[in-house]
Structure formats: C-alpha cells, structure tokens
>>> print(open('entry_9.csv').read())   # CSV, C-alpha atoms
chain,number,residue,atom,x,y,z
A,1071,MET,CA,-15.3,8.5,0.0
A,1072,ILE,CA,-12.6,9.9,-2.3
A,1073,ASP,CA,-11.6,7.5,-5.1
A,1074,HIS,CA,-8.1,7.4,-6.7
A,1075,ALA,CA,-9.0,10.0,-9.3
A,1076,GLY,CA,-10.1,12.3,-6.5
A,1077,ILE,CA,-6.8,11.7,-4.6
A,1078,ARG,CA,-4.9,12.7,-7.8
A,1079,ASN,CA,-6.9,15.9,-7.9
A,1080,ILE,CA,-5.9,16.8,-4.4
A,1081,LEU,CA,-2.2,15.7,-4.2
A,1082,PRO,CA,0.5,16.8,-6.6
A,1083,HIS,CA,2.3,13.4,-6.3
A,1084,ARG,CA,2.3,11.0,-9.2
A,1085,HIS,CA,3.6,7.5,-9.8
A,1086,PRO,CA,5.8,6.1,-8.4
A,1087,ILE,CA,5.5,8.3,-5.2
A,1088,LEU,CA,1.7,8.7,-5.0
A,1089,LEU,CA,1.1,6.4,-2.0
A,1090,VAL,CA,-2.6,6.9,-1.2
A,1091,ASP,CA,-5.2,5.0,-3.2
A,1092,ALA,CA,-8.5,6.3,-1.7
A,1093,ALA,CA,-10.0,8.0,1.4
A,1094,LEU,CA,-12.7,5.9,3.0
A,1095,GLU,CA,-13.7,8.7,5.5
A,1096,LEU,CA,-12.9,12.3,5.8
A,1097,HIS,CA,-14.1,14.7,8.5
A,1098,PRO,CA,-12.7,18.2,7.8
A,1099,PHE,CA,-10.3,19.5,10.4
A,1100,ASP,CA,-10.7,16.3,12.4
A,1101,ARG,CA,-9.8,12.9,10.9
A,1102,ILE,CA,-9.3,10.8,7.8
A,1103,VAL,CA,-9.1,7.1,7.0
A,1104,THR,CA,-7.2,6.2,3.8
A,1105,VAL,CA,-6.0,3.0,2.1
A,1106,LYS,CA,-2.8,2.0,0.3
A,1107,ALA,CA,-2.6,-1.3,-1.5
A,1108,VAL,CA,1.0,-2.6,-1.5
A,1109,SER,CA,1.9,-4.4,-4.7
A,1110,GLY,CA,4.9,-6.6,-5.5
A,1111,SER,CA,5.3,-4.6,-8.7
A,1112,GLU,CA,6.2,-1.3,-6.9
A,1113,PRO,CA,9.5,0.3,-7.7
A,1114,CYS,CA,11.0,-0.6,-4.3
A,1115,TYR,CA,10.9,-4.3,-5.3
A,1116,ALA,CA,12.2,-3.8,-8.9
A,1117,ASN,CA,15.8,-5.1,-8.5
A,1118,MET,CA,15.4,-7.7,-5.8
A,1119,ALA,CA,17.3,-10.9,-6.2
A,1120,GLU,CA,15.5,-14.2,-6.8
A,1121,GLY,CA,15.0,-16.7,-4.0
A,1122,LEU,CA,14.9,-14.2,-1.1
A,1123,ASP,CA,13.2,-15.0,2.1
A,1124,PRO,CA,9.6,-13.5,2.3
A,1125,GLY,CA,10.8,-11.2,5.1
A,1126,ALA,CA,13.0,-9.4,2.5
A,1127,PHE,CA,9.8,-8.1,0.9
A,1128,ALA,CA,8.7,-6.0,3.8
A,1129,TYR,CA,7.4,-2.7,2.6
A,1130,PRO,CA,10.0,0.1,3.3
A,1131,LYS,CA,9.2,1.9,6.6
A,1132,SER,CA,10.1,5.2,4.9
A,1133,LEU,CA,7.3,4.6,2.3
A,1134,LEU,CA,4.9,3.7,5.0
A,1135,ILE,CA,5.5,7.0,6.8
A,1136,GLU,CA,5.3,8.9,3.5
A,1137,SER,CA,1.9,7.2,2.7
A,1138,PHE,CA,0.7,8.2,6.2
A,1139,CYS,CA,1.8,11.8,5.7
A,1140,GLN,CA,0.2,12.0,2.3
A,1141,SER,CA,-3.0,11.0,4.0
A,1142,GLY,CA,-2.6,13.9,6.3
A,1143,ALA,CA,-2.0,16.2,3.3
A,1144,VAL,CA,-5.3,15.0,1.9
A,1145,LEU,CA,-7.1,15.8,5.2
A,1146,TRP,CA,-5.5,19.2,5.5
A,1147,LEU,CA,-6.0,20.3,1.9
A,1148,GLU,CA,-9.6,19.0,1.7
A,1149,SER,CA,-10.4,20.7,5.1
A,1150,ILE,CA,-9.2,24.0,3.7
A,1151,ARG,CA,-11.1,23.5,0.5
A,1152,SER,CA,-14.3,22.7,2.5
A,1153,ARG,CA,-14.2,26.4,3.6
A,1154,GLY,CA,-13.8,27.6,0.1
A,1155,GLU,CA,-10.2,28.5,0.7
A,1156,SER,CA,-6.9,27.3,-0.9
A,1157,LEU,CA,-3.4,26.8,0.2
A,1158,SER,CA,-1.0,29.7,-0.4
A,1159,GLY,CA,2.3,27.8,-0.7
A,1160,THR,CA,3.5,24.2,-0.8
A,1161,LEU,CA,2.7,21.6,1.9
A,1162,ILE,CA,5.8,19.9,3.2
A,1163,PHE,CA,6.3,17.0,5.6
A,1164,ALA,CA,8.6,18.3,8.2
A,1165,ALA,CA,9.1,15.7,10.9
A,1166,ALA,CA,7.7,12.6,12.7
A,1167,LYS,CA,8.2,11.7,16.4
A,1168,ASN,CA,7.4,8.7,18.5
A,1169,VAL,CA,6.9,6.4,15.5
A,1170,ARG,CA,6.6,2.8,16.4
A,1171,PHE,CA,6.6,-0.1,13.8
A,1172,HIS,CA,4.6,-3.0,15.1
A,1173,SER,CA,4.7,-5.5,12.2
A,1174,PRO,CA,5.9,-5.5,8.6
A,1175,VAL,CA,3.6,-5.0,5.6
A,1176,HIS,CA,4.1,-7.2,2.5
A,1177,PRO,CA,3.0,-7.2,-1.1
A,1178,GLY,CA,-0.7,-8.2,-1.4
A,1179,GLU,CA,-1.7,-6.4,1.8
A,1180,THR,CA,-3.7,-3.2,2.1
A,1181,VAL,CA,-2.7,-0.6,4.7
A,1182,ARG,CA,-5.4,1.5,6.3
A,1183,HIS,CA,-4.2,4.8,7.8
A,1184,SER,CA,-6.4,6.4,10.5
A,1185,LEU,CA,-5.1,9.8,11.5
A,1186,LYS,CA,-6.3,13.0,13.0
A,1187,ILE,CA,-5.3,16.7,13.2
A,1188,ASP,CA,-4.3,17.3,16.8
A,1189,GLN,CA,-3.6,21.0,16.3
A,1190,LEU,CA,-3.3,23.7,13.6
A,1191,VAL,CA,-0.9,26.5,14.5
A,1192,GLY,CA,-0.6,29.1,11.7
A,1193,ASP,CA,0.9,27.3,8.7
A,1194,ASN,CA,1.7,24.1,10.7
A,1195,ALA,CA,-0.3,21.0,11.3
A,1196,PHE,CA,0.3,18.4,14.0
A,1197,LEU,CA,-1.1,15.0,13.2
A,1198,SER,CA,-1.1,11.6,14.9
A,1199,GLY,CA,-2.6,8.2,14.2
A,1200,GLN,CA,-2.2,4.5,13.5
A,1201,SER,CA,-1.9,2.3,10.4
A,1202,PHE,CA,-3.3,-1.2,10.2
A,1203,VAL,CA,-3.5,-4.3,7.9
A,1204,GLY,CA,-6.9,-5.7,8.7
A,1205,ASP,CA,-7.1,-5.5,12.5
A,1206,ARG,CA,-3.3,-5.8,12.9
A,1207,PRO,CA,-1.5,-2.6,13.9
A,1208,VAL,CA,1.5,-2.0,11.8
A,1209,MET,CA,2.6,1.5,12.7
A,1210,THR,CA,1.8,4.2,15.3
A,1211,VAL,CA,2.7,7.8,14.7
A,1212,GLY,CA,2.8,9.9,17.9
A,1213,GLU,CA,3.3,13.1,16.0
A,1214,ALA,CA,3.8,14.2,12.5
A,1215,ILE,CA,4.3,17.8,11.5
A,1216,ALA,CA,3.4,19.3,8.1
A,1217,VAL,CA,4.2,22.9,7.2
A,1218,VAL,CA,3.2,25.3,4.5
A,1219,ARG,CA,6.1,27.2,2.8
A,1220,PRO,CA,6.0,29.8,0.1
A,1221,ASN,CA,6.4,28.4,-3.4
A,1222,GLU,CA,9.2,30.9,-4.3
A,1223,GLY,CA,12.6,29.2,-4.1
A,1224,ILE,CA,11.3,25.7,-3.3
A,1225,ALA,CA,12.3,24.4,-6.8
A,1226,ASP,CA,15.6,26.1,-6.5
A,1227,ARG,CA,16.4,24.1,-3.3
A,1228,ALA,CA,15.6,20.7,-4.8
>>> encode(input="entry_9.csv", output="structure tokens")
Amino acid sequence: MIDHAGIRNILPHRHPILLVDAALELHPFDRIVTVKAVSGSEPCYANMAEGLDPGAFAYPKSLLIESFCQSGAVLWLESIRSRGESLSGTLIFAAAKNVRFHSPVHPGETVRHSLKIDQLVGDNAFLSGQSFVGDRPVMTVGEAIAVVRPNEGIADRA
C-alpha cells in the first residue's frame, strides 16, 4: 500500500489537482488499485448555488478521468523506480478512448480505480481499467495513453 504521503512523493501534482489519495495494490508493470475520496469541499463545488438538486453535485467526468490517469502515472513511475531507473522527461496524459460512464459519483463517495498497463511501447504507455464506488461500476476506460516528453520547452508551451 502507498499512503497519501507516498503518493505526493511520486506525483508532482498538488492541491487542488492531486486526485489520488492512496494505492491499495501495486504490481509493477502490471496493475494498480487506487482510491480517491470525493468531498463536497473540493474546488469544483465551491460556487454552486444553494438549493440545487442532488444530481447537480455529480463529480465532473473530466476529474474522474484525470484521477484514473494519475493512478496510471503512479503505476508507471513506480514500475520504473522498481528497476532502479527514473523517468527522463515529463509524463503527460495524451488521450482516452472508449470511455463509458455508468453512474455518477457524489460527495461522500470513494472511487476505486483498478487499471492495468496493456502495453509499453518506447515512451508510451497504453492503459485500461474500471472505476467503482463500492461494487457499482462508475466508469470504464477502454484505452488511455500516456507519453513521456522531454522537459525542455514544456513550461514554454503552458
């Protein structure tokens, strides 16, 4: 298991965009299971009007995908580290395909991402998996692609 402090040592993300709380399982170059607790005090809920229907508080799909991809980054980075190597560049989420949202996630629920590395090709990782709240599937990702790019010039493009 990797606790939140360990996640912060792996990922460069910080509040409010660090969207992985812990890793429950990690099998290098194979699979990972992570969790993300959704709180009503997250920035995405900051300016919501009073009296809204509970459905208005569904966690944004874009943040659910980002949390999934950050889980993949933990898997890839820790896999590389397990061989005593390090990444030469910046890991970037490139694309997601065949993403299906099955049911919304709301504040007070904990999302469990279960994903695997399907293939590593050079500086590219192909990932897939599912996300759950309890036993309820909330999202399926058919394919996510992460790439490593040289650090030079990345800050210039932002």
>>> residues_around(input="entry_9.csv", residues="Arg1170 (chain A)", least_positions_apart="2", cutoff="7 Å", atoms="all atoms listed in the file", output="PyMOL selection string")
chain A and resi 1168+1172+1209-1211
>>> closest_residue(input="entry_9.csv", among="A:Asn1117, A:Gln1189, A:Ser1156, A:Ser1137", to="Val1103 (chain A)", atoms="only C-alpha atoms")
A:Ser1137
>>> residues_around(input="entry_9.csv", residues="region 1111-1116 of chain A", least_positions_apart="4", cutoff="10 Å", atoms="only C-alpha atoms", output="PyMOL selection string")
chain A and resi 1085-1087+1126-1130+1133+1177
>>> closest_residue(input="entry_9.csv", among="A:Val1208, A:Ile1135, A:Leu1157, A:Val1181", to="Ala1107 (chain A)", atoms="only C-alpha atoms")
A:Val1181
>>> residues_around(input="entry_9.csv", residues="Glu1136 (chain A)", least_positions_apart="5", cutoff="9 Å", atoms="all atoms listed in the file", output="list in words")
Ile1087, Leu1089, Lys1131, Ser1141 and Phe1163 of chain A
>>> atom_distance(input="entry_9.csv", atom1="CA of Ala1119 (chain A)", atom2="CA of Thr1180 (chain A)")
23.9 Å
>>> closest_residue(input="entry_9.csv", among="A:Met1118, A:Leu1088, A:Ala1075, A:Leu1185", to="Asp1100 (chain A)", atoms="all atoms listed in the file")
A:Leu1185
>>> atom_distance(input="entry_9.csv", atom1="CA of Gly1110 (chain A)", atom2="CA of Met1071 (chain A)")
25.8 Å
>>> atom_distance(input="entry_9.csv", atom1="CA of Gly1178 (chain A)", atom2="CA of Ala1093 (chain A)")
18.9 Å
>>> closest_residue(input="entry_9.csv", among="A:Val1203, A:Val1169, A:Ile1150, A:Leu1094", to="Leu1190 (chain A)", atoms="all atoms listed in the file")
A:Ile1150
>>> residues_around(input="entry_9.csv", residues="Phe1196 (chain A)", least_positions_apart="3", cutoff="6 Å", atoms="all atoms listed in the file", output="PDB file with C-alpha atoms, keeping the file's coordinate frame")
ATOM      1  CA  ILE A1187      -5.300  16.700  13.200  1.00  0.00           C
ATOM      2  CA  ASP A1188      -4.300  17.300  16.800  1.00  0.00           C
ATOM      3  CA  GLN A1189      -3.600  21.000  16.300  1.00  0.00           C
ATOM      4  CA  ALA A1214       3.800  14.200  12.500  1.00  0.00           C
ATOM      5  CA  ILE A1215       4.300  17.800  11.500  1.00  0.00           C
TER       6      ILE A1215
END
>>> closest_residue(input="entry_9.csv", among="A:His1097, A:His1176, A:Asp1091, A:Gly1159", to="Asp1123 (chain A)", atoms="all atoms listed in the file")
A:His1176
>>> closest_residue(input="entry_9.csv", among="A:Ser1173, A:Pro1124, A:Pro1082, A:Ala1166", to="Asp1205 (chain A)", atoms="all atoms listed in the file")
A:Ser1173
